[in-house]
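Presented below is the structure to which this report refers.
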Amino acid sequence: PAKAAAPTAALGAPAKAAPKTTPKVIRLVLWCHAVMERFGLRGLSPVDAGVKHVLGCFDGAVPESEEAAALRARCPDLLRLVQRAYRHAVKLTVDAAIVMTVEDLWAAAECEAIFGELAAMADLNRWYVGPVGSPAWAAAMGHKTPKLFGLRRGEGSEGPGSQLLTLREEAATVGSWSGEIVRAVWAAQVVELIFAANDDDERYSIQAQPRLLRNLAVQAAAPPLGYPAFTSTPRLCALALGGGGQ
């Protein structure tokens, strides 16, 4: 007898449920977590290790341990994935600390925004999450990545913090000068400086008529009336002094 054809999925049928996570995968995830948060801390908890530990892991400095060395030698791709997951977790933690309370973390509806942000960060063409000022950060800016997030260590009295850059259009005003007006300003400047002998750097005539950008027009005049267009870096030179010294 002829075999019956396999039934085809009907339109609108529910999608298959995602496969359950196996114990082996769970153990691998917990082991990778321990590489970042346990093995290299020498008995300290991540809380006791402090912000310095978070900044170091975010920048790619995995705590040194035998397990971390093994992961780096045997599976560098997995190590990069672990570092990426850590950085994304830090980004989501910062967001949750700003806009959510502890009670919100137990509400599924409140966490949907966090899960949506996590899915959005998976798109490397739209997000870069990594060390501020690194070559990868500069490359992401050069590629006009819409959003960049990183941690900064802070210098002096400024403590550690986060930095978020968003690419957006910025309106700018562009104007033009009439050549006759600029030459008239320069002619008036000649009269004032040479014939009236008024060489005060803060004289009123420079500040007058702001709509004409008179201050910029005066500075743009050719020396000695205006300011030089180019300046050189400081240079050391030897000067002959009396008595043979220099």
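In the structure tokens, the first chain shown is A, the next is B, and so on; residue numbers restart at 1 for each chain, and ligands run from 1 in the order shown.
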Can I get the residues of region 133-159 of chain A within 10 Å of region 54-61 of chain A, each with the closest pair of atoms and their distance in Å to one decimal, using only C-alpha atoms, sorted chain first then ascending number, as a Markdown table?
```
| residue | atom | partner | partner_atom | distance |
| --- | --- | --- | --- | --- |
| A:Ser134 | CA | A:Asp59 | CA | 9.0 |
| A:Gly150 | CA | A:Phe58 | CA | 8.3 |
| A:Leu151 | CA | A:Leu55 | CA | 6.9 |
| A:Arg152 | CA | A:Leu55 | CA | 8.0 |
| A:Arg153 | CA | A:Leu55 | CA | 7.2 |
```
Where does DSSP see helix (DSSP H, G or I) in region 89-215 of chain A, if you list the residues as a VMD selection string?
-> chain A and resid 89 to 99 103 to 106 108 to 121 135 to 142 179 to 195 204 to 207 210 to 212 214 to 215
Any idea what the distance is between CA of Leu124 (chain A) and CA of Leu92 (chain A)?
->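 CA of Leu92 (chain A) lies 16.3 Å from CA of Leu124 (chain A).
Minimum atom-to-atom distance to Leu78 (chain A), evaluated using only C-alpha atoms, belongs to A:Cys32 out of A:Cys32, A:Val90, A:Leu165, A:Ala221.
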Check the smallest atom-to-atom distance from each of A:Ala196, A:Met100, A:Ala34, A:Ala220 to Ile114 (chain A) using only C-alpha atoms, then report the winner.
->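 Answer, going by the shortest atom-to-atom distance: A:Met100.
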Gap from CA of Val47 (chain A) to CA of Ala97 (chain A) - Å, one decimal |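 Atom-to-atom, CA of Val47 (chain A) and CA of Ala97 (chain A) are spaced 15.8 Å apart.
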Could you tell me which of A:Pro146, A:Gly116, A:Pro223, A:Pro46 comes closest to Leu164 (chain A) if we count only C-alpha atoms?
->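 Of A:Pro146, A:Gly116, A:Pro223, A:Pro46, the one nearest Leu164 (chain A) is A:Pro146, counting only C-alpha atoms.
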Taking only C-alpha atoms into account, which of A:Met121, A:Val99, A:Ala108, A:Met36 comes nearest Ser65 (chain A)?
->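 For Ser65 (chain A), the nearest of the candidates is A:Met36.
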Nearest-residue call for Glu64 (chain A), choices A:Val218, A:Val35, A:Leu212, A:Ala96, using only C-alpha atoms | A:Val35
Taking the chain letters and numbering used in this document, name the residues of region 34-202 of chain A that DSSP puts in strand (DSSP E or B), as a VMD selection string.
-> chain A and resid 127 to 129 147 to 152 161 to 166
Would you put the residues from that selection into a file with N, CA and C atoms, as a PDB file, in the first residue's frame?
```pdb
ATOM      1  N   TRP A 127      24.390  49.040  17.756  1.00  0.00           N
ATOM      2  CA  TRP A 127      24.886  49.226  19.115  1.00  0.00           C
ATOM      3  C   TRP A 127      26.362  48.841  19.196  1.00  0.00           C
ATOM      4  N   TYR A 128      27.118  49.627  19.976  1.00  0.00           N
ATOM      5  CA  TYR A 128      28.453  49.218  20.410  1.00  0.00           C
ATOM      6  C   TYR A 128      28.501  49.384  21.918  1.00  0.00           C
ATOM      7  N   VAL A 129      28.818  48.326  22.618  1.00  0.00           N
ATOM      8  CA  VAL A 129      28.957  48.350  24.069  1.00  0.00           C
ATOM      9  C   VAL A 129      30.360  47.874  24.392  1.00  0.00           C
ATOM     10  N   LYS A 147      24.292  54.019  18.408  1.00  0.00           N
ATOM     11  CA  LYS A 147      24.373  54.134  19.860  1.00  0.00           C
ATOM     12  C   LYS A 147      25.649  53.475  20.361  1.00  0.00           C
ATOM     13  N   LEU A 148      26.322  54.172  21.286  1.00  0.00           N
ATOM     14  CA  LEU A 148      27.530  53.660  21.911  1.00  0.00           C
ATOM     15  C   LEU A 148      27.384  53.787  23.427  1.00  0.00           C
ATOM     16  N   PHE A 149      27.782  52.751  24.148  1.00  0.00           N
ATOM     17  CA  PHE A 149      27.728  52.778  25.609  1.00  0.00           C
ATOM     18  C   PHE A 149      29.038  52.252  26.163  1.00  0.00           C
ATOM     19  N   GLY A 150      29.520  52.900  27.216  1.00  0.00           N
ATOM     20  CA  GLY A 150      30.738  52.449  27.866  1.00  0.00           C
ATOM     21  C   GLY A 150      30.827  52.992  29.274  1.00  0.00           C
ATOM     22  N   LEU A 151      31.809  52.507  30.014  1.00  0.00           N
ATOM     23  CA  LEU A 151      32.086  52.972  31.367  1.00  0.00           C
ATOM     24  C   LEU A 151      33.360  53.790  31.365  1.00  0.00           C
ATOM     25  N   ARG A 152      33.369  54.862  32.124  1.00  0.00           N
ATOM     26  CA  ARG A 152      34.572  55.665  32.275  1.00  0.00           C
ATOM     27  C   ARG A 152      35.036  55.606  33.729  1.00  0.00           C
ATOM     28  N   GLY A 161      31.712  56.433  36.055  1.00  0.00           N
ATOM     29  CA  GLY A 161      30.372  56.670  35.526  1.00  0.00           C
ATOM     30  C   GLY A 161      30.207  55.981  34.192  1.00  0.00           C
ATOM     31  N   SER A 162      29.071  56.195  33.593  1.00  0.00           N
ATOM     32  CA  SER A 162      28.775  55.614  32.287  1.00  0.00           C
ATOM     33  C   SER A 162      28.672  56.714  31.244  1.00  0.00           C
ATOM     34  N   GLN A 163      28.855  56.335  30.002  1.00  0.00           N
ATOM     35  CA  GLN A 163      28.773  57.282  28.891  1.00  0.00           C
ATOM     36  C   GLN A 163      27.943  56.668  27.780  1.00  0.00           C
ATOM     37  N   LEU A 164      26.941  57.400  27.344  1.00  0.00           N
ATOM     38  CA  LEU A 164      26.051  56.946  26.280  1.00  0.00           C
ATOM     39  C   LEU A 164      26.038  57.995  25.179  1.00  0.00           C
ATOM     40  N   LEU A 165      26.409  57.579  23.972  1.00  0.00           N
ATOM     41  CA  LEU A 165      26.392  58.471  22.815  1.00  0.00           C
ATOM     42  C   LEU A 165      25.307  58.005  21.850  1.00  0.00           C
ATOM     43  N   THR A 166      24.546  58.955  21.340  1.00  0.00           N
ATOM     44  CA  THR A 166      23.465  58.659  20.396  1.00  0.00           C
ATOM     45  C   THR A 166      23.662  59.498  19.145  1.00  0.00           C
TER      46      THR A 166
END
```
Enter the distance from CA of Gly133 (chain A) to CA of Gly40 (chain A), in Å, rounded to one decimal.
->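 Going from CA of Gly133 (chain A) over to CA of Gly40 (chain A) covers 26.0 Å.
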Of the candidates A:Gly130, A:Pro210, A:Gly142, A:Pro224, which shows the shortest atom-to-atom distance to Leu167 (chain A), using only C-alpha atoms?
-> A:Gly142
